[in-house]
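First comes the structure, then the notes that go with it.
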Amino acid sequence: MSKGLQLSKLIMGDAQADRVVPPTGFTARLTLFAAGAMAFLTVFALALSLASGRLAARWGDELAQSSTLRISAPEEQMAAQTAAALTVLESTPGIASARALSVDEQRGLLAPWFGPDLPLDSLPIPQLIEIVETEEGYDGAGLRLRLQAEVPGAVLDDHTRWRRPLERAAGRLRLLGWVSIGLIGAATAAMITLAANAALAANAQVISVLRLIGARDSYIARAFVRRFTLRALLGAAVGTAMGALAVFLLPSAQESGGFLTGLGFQGMSWAFLALIPPLAGVVAYLATGAAARRTLGELT
Amino acid sequence: MIELDNIAYSYGGGELLSEVSLKLAPGSFHFLTGPSGSGKTTFLKLCYGALTPTAGRVQLFGKDVREMDRDDHALARRQIGVVHQDCQFLDHLPVRENVALPLTVSDRDSLEQHSNLKELLTWVGLGHRASALPPELSGGERQRAALARAVIMSPDVVLADEPTGNVDWEMSQRLLQLLVELNKMGKTILIATHDLNLIRSAKHHVQARVLRISGRKLQLAGADL
Ligand SMILES: Nc1ncnc2c1ncn2[C@@H]1O[C@H](COP(=O)(O)OP(=O)(O)OP(=O)(O)O)[C@@H](O)[C@H]1O
Ligand SMILES: [Mg+2]
């Protein structure tokens, strides 16, 4: 709370302390640019994290506890094998329910690939059975063995087999996004420290005069800290706005679009963006403060 | 106020000053003289804590300089007005703001102070140059601005290093007059100068003691100059 108060006081007031240090156009522009570019990158890293987070959650929810049994059999045996499979499934521990998809449902699944006018009756389409697991799940290998014996045309699609790595990949992607944001923050701090050091070195004469006439280190530091904090805030605000615009202009997410078009912000997650400029300001405040304290402490 | 107790100082080579003791009592008026390079500026720096003695003890307002932290030093400098020999200014700010700088950095930048500022600038003959930048000033003008900056906080002590080095006789008399008046108001004054005429002329207005640096020691010069 006192930090926040200090920060707001720093930004509002004491333009006078700002005047005692001569303006430096070049470092100012570089700092603005660096903060802006970093904020822009942060927007994308954030979009990546949030999108992969959503993706992992969706795959987790949708595919959890469901698998499919596919029965390919000559047409006259189809009904019998389906019935046999259902019997096997219903007597398998760990399976909550099993249901053969109707012709209409199967057509619905295939329509995106082959069009709605598919003559399903005249094609050797396998029968699909949707299996919903219980919490505990079932023993996949055991089920396969039993099916082999009783329903030779059945193939068990255990979704977890390909779901797990995808989920893991999405989780990694999200982690990478957060690590990137951390690195961007650290790089911003490093760049602002370099710029602040340059400004402090360039103003060694000014600092020594201020010390001679009785200025405290905190007063001198404030002049620099205020400057760099404001520049970082402004630069990051512009960078964030541009990044948000770029994300906004991405083609919007579609059902079948998969991951790429899902890269964006949804609902409340836009609010995360508002945090980027203040965070950049805090980073600049801390980095410049540390640089100033170090430089001033080394003076005699 | 300022107390030097058997101090020595060396920049790394041989000792420049040794066995120096001095007590600046409140309200006293001292001149410090000695040949160029004898250590007058060094002595003043020891007096305002910019240098720490290599031996002995310096006390500013009752505090040992070795025990003062950077903030203590900053506060001490508000009570000690210094006219530096090389008058350092902030070259990007006009004279008016440079003179007011001690007020600015100590948050005493009030309206009332600003009318004082105007008076003070007029007093040192810089009323018409108030908006000029320091690099645009003549050597004498810079020294007058430096004096104005040294006294604006109405410090308890004023240390002046060659404050009349670049000004004509008439202006040097005016500056001396200002310092004498400050002394009459109870301020402690120490002026380093090798201008013996200035010292002689001061003797008519004020009870001044003359210190001389010679052979690394500080001596009290006799009444005869
Ligand atoms: N920072 C420094 N490092 C090393 N030697 C220094 C330093 N400052 C001054 N000196 C040396 O110390 C000696 C005293 O210098 P000081 O400036 O105190 O003399 P001064 O009496 O003020 O001379 P002047 O009358 O010319 O102003 C000189 O020989 C000078 O070269
Ligand atoms: Mg000197």
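Simple scheme: letters A, B, ... for chains in structure tokens order, numbers from 1 for residues in each chain, numbers from 1 for ligands in the order shown.
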
Site check for ligand 2: residues at most 12 Å away, only C-alpha atoms and all ligand atoms, as a PDB file with N, CA, C and O atoms, in the first residue's frame:
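In the end it all went to out_22.pdb:
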ATOM      1  N   LEU B  32      41.299  32.475   5.418  1.00  0.00           N
ATOM      2  CA  LEU B  32      42.281  31.397   5.265  1.00  0.00           C
ATOM      3  C   LEU B  32      43.154  31.784   4.085  1.00  0.00           C
ATOM      4  O   LEU B  32      42.649  32.034   2.986  1.00  0.00           O
ATOM      5  N   THR B  33      44.439  31.853   4.323  1.00  0.00           N
ATOM      6  CA  THR B  33      45.306  32.259   3.227  1.00  0.00           C
ATOM      7  C   THR B  33      46.504  31.316   3.144  1.00  0.00           C
ATOM      8  O   THR B  33      46.679  30.446   4.002  1.00  0.00           O
ATOM      9  N   GLY B  34      47.263  31.474   2.092  1.00  0.00           N
ATOM     10  CA  GLY B  34      48.400  30.583   1.867  1.00  0.00           C
ATOM     11  C   GLY B  34      48.672  30.521   0.378  1.00  0.00           C
ATOM     12  O   GLY B  34      47.796  30.853  -0.427  1.00  0.00           O
ATOM     13  N   PRO B  35      49.880  30.104   0.015  1.00  0.00           N
ATOM     14  CA  PRO B  35      50.234  30.071  -1.406  1.00  0.00           C
ATOM     15  C   PRO B  35      49.350  29.109  -2.188  1.00  0.00           C
ATOM     16  O   PRO B  35      48.735  28.217  -1.606  1.00  0.00           O
ATOM     17  N   SER B  36      49.335  29.311  -3.519  1.00  0.00           N
ATOM     18  CA  SER B  36      48.559  28.420  -4.372  1.00  0.00           C
ATOM     19  C   SER B  36      49.104  27.003  -4.235  1.00  0.00           C
ATOM     20  O   SER B  36      50.306  26.784  -4.246  1.00  0.00           O
ATOM     21  N   GLY B  37      48.215  26.071  -4.079  1.00  0.00           N
ATOM     22  CA  GLY B  37      48.634  24.669  -3.948  1.00  0.00           C
ATOM     23  C   GLY B  37      48.965  24.280  -2.528  1.00  0.00           C
ATOM     24  O   GLY B  37      49.354  23.151  -2.264  1.00  0.00           O
ATOM     25  N   SER B  38      48.788  25.190  -1.585  1.00  0.00           N
ATOM     26  CA  SER B  38      49.139  24.867  -0.198  1.00  0.00           C
ATOM     27  C   SER B  38      48.055  24.034   0.477  1.00  0.00           C
ATOM     28  O   SER B  38      48.286  23.444   1.530  1.00  0.00           O
ATOM     29  N   GLY B  39      46.862  24.010  -0.103  1.00  0.00           N
ATOM     30  CA  GLY B  39      45.815  23.145   0.455  1.00  0.00           C
ATOM     31  C   GLY B  39      44.617  23.881   1.020  1.00  0.00           C
ATOM     32  O   GLY B  39      43.895  23.340   1.858  1.00  0.00           O
ATOM     33  N   LYS B  40      44.355  25.099   0.534  1.00  0.00           N
ATOM     34  CA  LYS B  40      43.205  25.860   1.052  1.00  0.00           C
ATOM     35  C   LYS B  40      41.892  25.169   0.678  1.00  0.00           C
ATOM     36  O   LYS B  40      41.008  24.966   1.517  1.00  0.00           O
ATOM     37  N   THR B  41      41.787  24.818  -0.603  1.00  0.00           N
ATOM     38  CA  THR B  41      40.567  24.155  -1.048  1.00  0.00           C
ATOM     39  C   THR B  41      40.395  22.823  -0.327  1.00  0.00           C
ATOM     40  O   THR B  41      39.300  22.467   0.118  1.00  0.00           O
ATOM     41  N   THR B  42      41.498  22.101  -0.182  1.00  0.00           N
ATOM     42  CA  THR B  42      41.458  20.831   0.529  1.00  0.00           C
ATOM     43  C   THR B  42      40.966  21.027   1.958  1.00  0.00           C
ATOM     44  O   THR B  42      40.118  20.266   2.452  1.00  0.00           O
ATOM     45  N   PHE B  43      41.475  22.078   2.596  1.00  0.00           N
ATOM     46  CA  PHE B  43      41.072  22.377   3.969  1.00  0.00           C
ATOM     47  C   PHE B  43      39.552  22.635   4.050  1.00  0.00           C
ATOM     48  O   PHE B  43      38.866  22.107   4.925  1.00  0.00           O
ATOM     49  N   LEU B  44      39.039  23.429   3.099  1.00  0.00           N
ATOM     50  CA  LEU B  44      37.594  23.716   3.114  1.00  0.00           C
ATOM     51  C   LEU B  44      36.791  22.439   2.894  1.00  0.00           C
ATOM     52  O   LEU B  44      35.755  22.222   3.516  1.00  0.00           O
ATOM     53  N   LYS B  45      37.286  21.579   2.004  1.00  0.00           N
ATOM     54  CA  LYS B  45      36.560  20.319   1.755  1.00  0.00           C
ATOM     55  C   LYS B  45      36.508  19.467   3.011  1.00  0.00           C
ATOM     56  O   LYS B  45      35.518  18.763   3.260  1.00  0.00           O
ATOM     57  N   VAL B  83      30.789  28.304  -1.248  1.00  0.00           N
ATOM     58  CA  VAL B  83      31.087  28.904  -2.550  1.00  0.00           C
ATOM     59  C   VAL B  83      32.298  28.161  -3.078  1.00  0.00           C
ATOM     60  O   VAL B  83      33.391  28.274  -2.529  1.00  0.00           O
ATOM     61  N   HIS B  84      32.089  27.357  -4.116  1.00  0.00           N
ATOM     62  CA  HIS B  84      33.188  26.547  -4.623  1.00  0.00           C
ATOM     63  C   HIS B  84      34.081  27.376  -5.520  1.00  0.00           C
ATOM     64  O   HIS B  84      33.619  28.272  -6.221  1.00  0.00           O
ATOM     65  N   GLN B  85      35.352  27.032  -5.501  1.00  0.00           N
ATOM     66  CA  GLN B  85      36.306  27.784  -6.318  1.00  0.00           C
ATOM     67  C   GLN B  85      35.942  27.662  -7.798  1.00  0.00           C
ATOM     68  O   GLN B  85      36.055  28.623  -8.544  1.00  0.00           O
ATOM     69  N   ASP B  86      35.492  26.498  -8.182  1.00  0.00           N
ATOM     70  CA  ASP B  86      35.148  26.308  -9.596  1.00  0.00           C
ATOM     71  C   ASP B  86      33.636  26.369  -9.815  1.00  0.00           C
ATOM     72  O   ASP B  86      33.129  25.780 -10.757  1.00  0.00           O
ATOM     73  N   CYS B  87      32.934  27.102  -8.952  1.00  0.00           N
ATOM     74  CA  CYS B  87      31.477  27.279  -9.010  1.00  0.00           C
ATOM     75  C   CYS B  87      30.785  26.301  -9.953  1.00  0.00           C
ATOM     76  O   CYS B  87      30.685  26.540 -11.135  1.00  0.00           O
ATOM     77  N   ALA B 160      33.715  30.084   1.860  1.00  0.00           N
ATOM     78  CA  ALA B 160      33.866  30.644   0.515  1.00  0.00           C
ATOM     79  C   ALA B 160      35.292  30.466   0.040  1.00  0.00           C
ATOM     80  O   ALA B 160      36.237  30.876   0.717  1.00  0.00           O
ATOM     81  N   ASP B 161      35.416  29.784  -1.114  1.00  0.00           N
ATOM     82  CA  ASP B 161      36.741  29.512  -1.675  1.00  0.00           C
ATOM     83  C   ASP B 161      37.014  30.527  -2.778  1.00  0.00           C
ATOM     84  O   ASP B 161      36.423  30.453  -3.855  1.00  0.00           O
ATOM     85  N   GLU B 162      37.896  31.460  -2.516  1.00  0.00           N
ATOM     86  CA  GLU B 162      38.212  32.524  -3.482  1.00  0.00           C
ATOM     87  C   GLU B 162      36.950  33.167  -4.051  1.00  0.00           C
ATOM     88  O   GLU B 162      36.768  33.200  -5.268  1.00  0.00           O
ATOM     89  N   PRO B 163      36.088  33.702  -3.227  1.00  0.00           N
ATOM     90  CA  PRO B 163      34.822  34.225  -3.760  1.00  0.00           C
ATOM     91  C   PRO B 163      35.032  35.498  -4.571  1.00  0.00           C
ATOM     92  O   PRO B 163      34.127  35.903  -5.309  1.00  0.00           O
ATOM     93  N   GLY B 165      37.775  35.964  -6.590  1.00  0.00           N
ATOM     94  CA  GLY B 165      38.883  35.720  -7.504  1.00  0.00           C
ATOM     95  C   GLY B 165      38.754  36.400  -8.848  1.00  0.00           C
ATOM     96  O   GLY B 165      39.748  36.832  -9.426  1.00  0.00           O
ATOM     97  N   ILE B 191      36.585  32.438   4.801  1.00  0.00           N
ATOM     98  CA  ILE B 191      36.882  32.801   3.415  1.00  0.00           C
ATOM     99  C   ILE B 191      38.326  32.435   3.093  1.00  0.00           C
ATOM    100  O   ILE B 191      39.256  32.880   3.765  1.00  0.00           O
ATOM    101  N   ALA B 192      38.497  31.595   2.068  1.00  0.00           N
ATOM    102  CA  ALA B 192      39.844  31.302   1.596  1.00  0.00           C
ATOM    103  C   ALA B 192      40.186  32.299   0.498  1.00  0.00           C
ATOM    104  O   ALA B 192      39.419  32.474  -0.450  1.00  0.00           O
ATOM    105  N   THR B 193      41.302  32.957   0.621  1.00  0.00           N
ATOM    106  CA  THR B 193      41.677  33.948  -0.393  1.00  0.00           C
ATOM    107  C   THR B 193      43.175  34.208  -0.305  1.00  0.00           C
ATOM    108  O   THR B 193      43.794  33.997   0.740  1.00  0.00           O
ATOM    109  N   HIS B 194      43.770  34.599  -1.431  1.00  0.00           N
ATOM    110  CA  HIS B 194      45.135  35.093  -1.291  1.00  0.00           C
ATOM    111  C   HIS B 194      45.181  36.596  -1.571  1.00  0.00           C
ATOM    112  O   HIS B 194      46.236  37.163  -1.754  1.00  0.00           O
ATOM    113  N   ILE B 213      48.072  28.758   5.908  1.00  0.00           N
ATOM    114  CA  ILE B 213      48.661  27.438   5.744  1.00  0.00           C
ATOM    115  C   ILE B 213      50.088  27.628   5.286  1.00  0.00           C
ATOM    116  O   ILE B 213      50.330  28.256   4.246  1.00  0.00           O
TER     117      ILE B 213
END

Requested in this report: Pick out the residues sitting within 12 Å of Gln106 (chain A), and hand them over as a ChimeraX atom specification; count only C-alpha atoms, and ignore anything fewer than 6 positions along from it in its own chain.
Outcome: /A:70,100,112-114,116,118-121,125-130

Query raised in the report: Which parts of region 22-147 of chain B does DSSP call alpha helix (DSSP H) when run on the backbone here, written out as a PyMOL selection string?
Result: chain B and resi 40-47+70-79+95-105+111-123+139-147

Requested in this report: May I have the residues within 6 Å of Ala215 (chain A) as a list in words, using only C-alpha atoms and disregarding those fewer than 3 positions away in the same chain?
Outcome: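 In the requested format, the answer is Leu210 and Arg211 of chain A; Ala74 and Val105 of chain B.
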
With a distance cut-off of 9 Å and only C-alpha atoms, select the neighbouring residues of Phe31 (chain B), excluding the residue or stretch itself and same-chain residues fewer than 4 positions from it, and output the selection as a PDB file with N, CA and C atoms, in the first residue's frame.
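The result, stored in out17.pdb:
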ATOM      1  N   ILE B 189      31.639  32.615   9.293  1.00  0.00           N
ATOM      2  CA  ILE B 189      32.171  32.794   7.934  1.00  0.00           C
ATOM      3  C   ILE B 189      33.635  32.354   7.895  1.00  0.00           C
ATOM      4  N   LEU B 190      33.964  31.621   6.813  1.00  0.00           N
ATOM      5  CA  LEU B 190      35.371  31.287   6.565  1.00  0.00           C
ATOM      6  C   LEU B 190      35.649  31.537   5.084  1.00  0.00           C
ATOM      7  N   ILE B 191      36.585  32.438   4.801  1.00  0.00           N
ATOM      8  CA  ILE B 191      36.882  32.801   3.415  1.00  0.00           C
ATOM      9  C   ILE B 191      38.326  32.435   3.093  1.00  0.00           C
ATOM     10  N   ALA B 192      38.497  31.595   2.068  1.00  0.00           N
ATOM     11  CA  ALA B 192      39.844  31.302   1.596  1.00  0.00           C
ATOM     12  C   ALA B 192      40.186  32.299   0.498  1.00  0.00           C
ATOM     13  N   THR B 193      41.302  32.957   0.621  1.00  0.00           N
ATOM     14  CA  THR B 193      41.677  33.948  -0.393  1.00  0.00           C
ATOM     15  C   THR B 193      43.175  34.208  -0.305  1.00  0.00           C
ATOM     16  N   ILE B 199      41.575  41.157   2.796  1.00  0.00           N
ATOM     17  CA  ILE B 199      41.645  40.882   4.231  1.00  0.00           C
ATOM     18  C   ILE B 199      41.818  42.191   5.010  1.00  0.00           C
ATOM     19  N   ALA B 208      38.046  39.935  12.430  1.00  0.00           N
ATOM     20  CA  ALA B 208      38.360  38.719  11.688  1.00  0.00           C
ATOM     21  C   ALA B 208      39.688  38.138  12.132  1.00  0.00           C
ATOM     22  N   ARG B 209      39.740  36.815  12.146  1.00  0.00           N
ATOM     23  CA  ARG B 209      41.003  36.145  12.423  1.00  0.00           C
ATOM     24  C   ARG B 209      41.550  35.609  11.103  1.00  0.00           C
ATOM     25  N   VAL B 210      42.865  35.633  10.987  1.00  0.00           N
ATOM     26  CA  VAL B 210      43.480  35.193   9.732  1.00  0.00           C
ATOM     27  C   VAL B 210      44.283  33.919   9.978  1.00  0.00           C
ATOM     28  N   LEU B 211      43.933  32.875   9.240  1.00  0.00           N
ATOM     29  CA  LEU B 211      44.664  31.615   9.335  1.00  0.00           C
ATOM     30  C   LEU B 211      45.545  31.489   8.109  1.00  0.00           C
ATOM     31  N   ARG B 212      46.711  30.926   8.301  1.00  0.00           N
ATOM     32  CA  ARG B 212      47.605  30.769   7.156  1.00  0.00           C
ATOM     33  C   ARG B 212      48.102  29.326   7.105  1.00  0.00           C
TER      34      ARG B 212
END

Requested in this report: Tell me which protein, DNA and RNA residues are within 8 Å of Ala189 (chain A), counting only C-alpha atoms, leaving out same-chain ones fewer than 2 positions away, and put them as a list in words.
Outcome: Gly185, Ala186, Ala187, Met191, Ile192, Thr193, Val283, Ala284 and Ala287 of chain A

Query - Within 12 Å of chain A: residues of chain B, using only C-alpha atoms, as a VMD selection string - result: chain B and resid 45 48 to 52 69 to 84 86 to 94 97 to 107 109 146 149 to 153 155

Query raised in the report: Residues at most 10 Å from region 171-178 of chain B, counting only C-alpha atoms, excluding those fewer than 4 positions away in the same chain, as a count of residues only?
Result: 24

Report task. Just list the residues in region 50-167 of chain A DSSP gives strand (DSSP E or B) on the backbone, as a list in words. Result -> Ser66, Ser67, Thr68, Leu69, Arg70, Ile71, Ile95, Ala96, Ser97, Ala98, Arg99, Ala100, Gln127, Leu128, Ile129, Glu130, Ile131, Val132, Glu133, Ala154, Val155, Leu156 and Asp157 of chain A

Query raised in the report: Separation of CA of Arg144 (chain A) and CA of Val88 (chain A), in Å?
Result: 10.5 Å
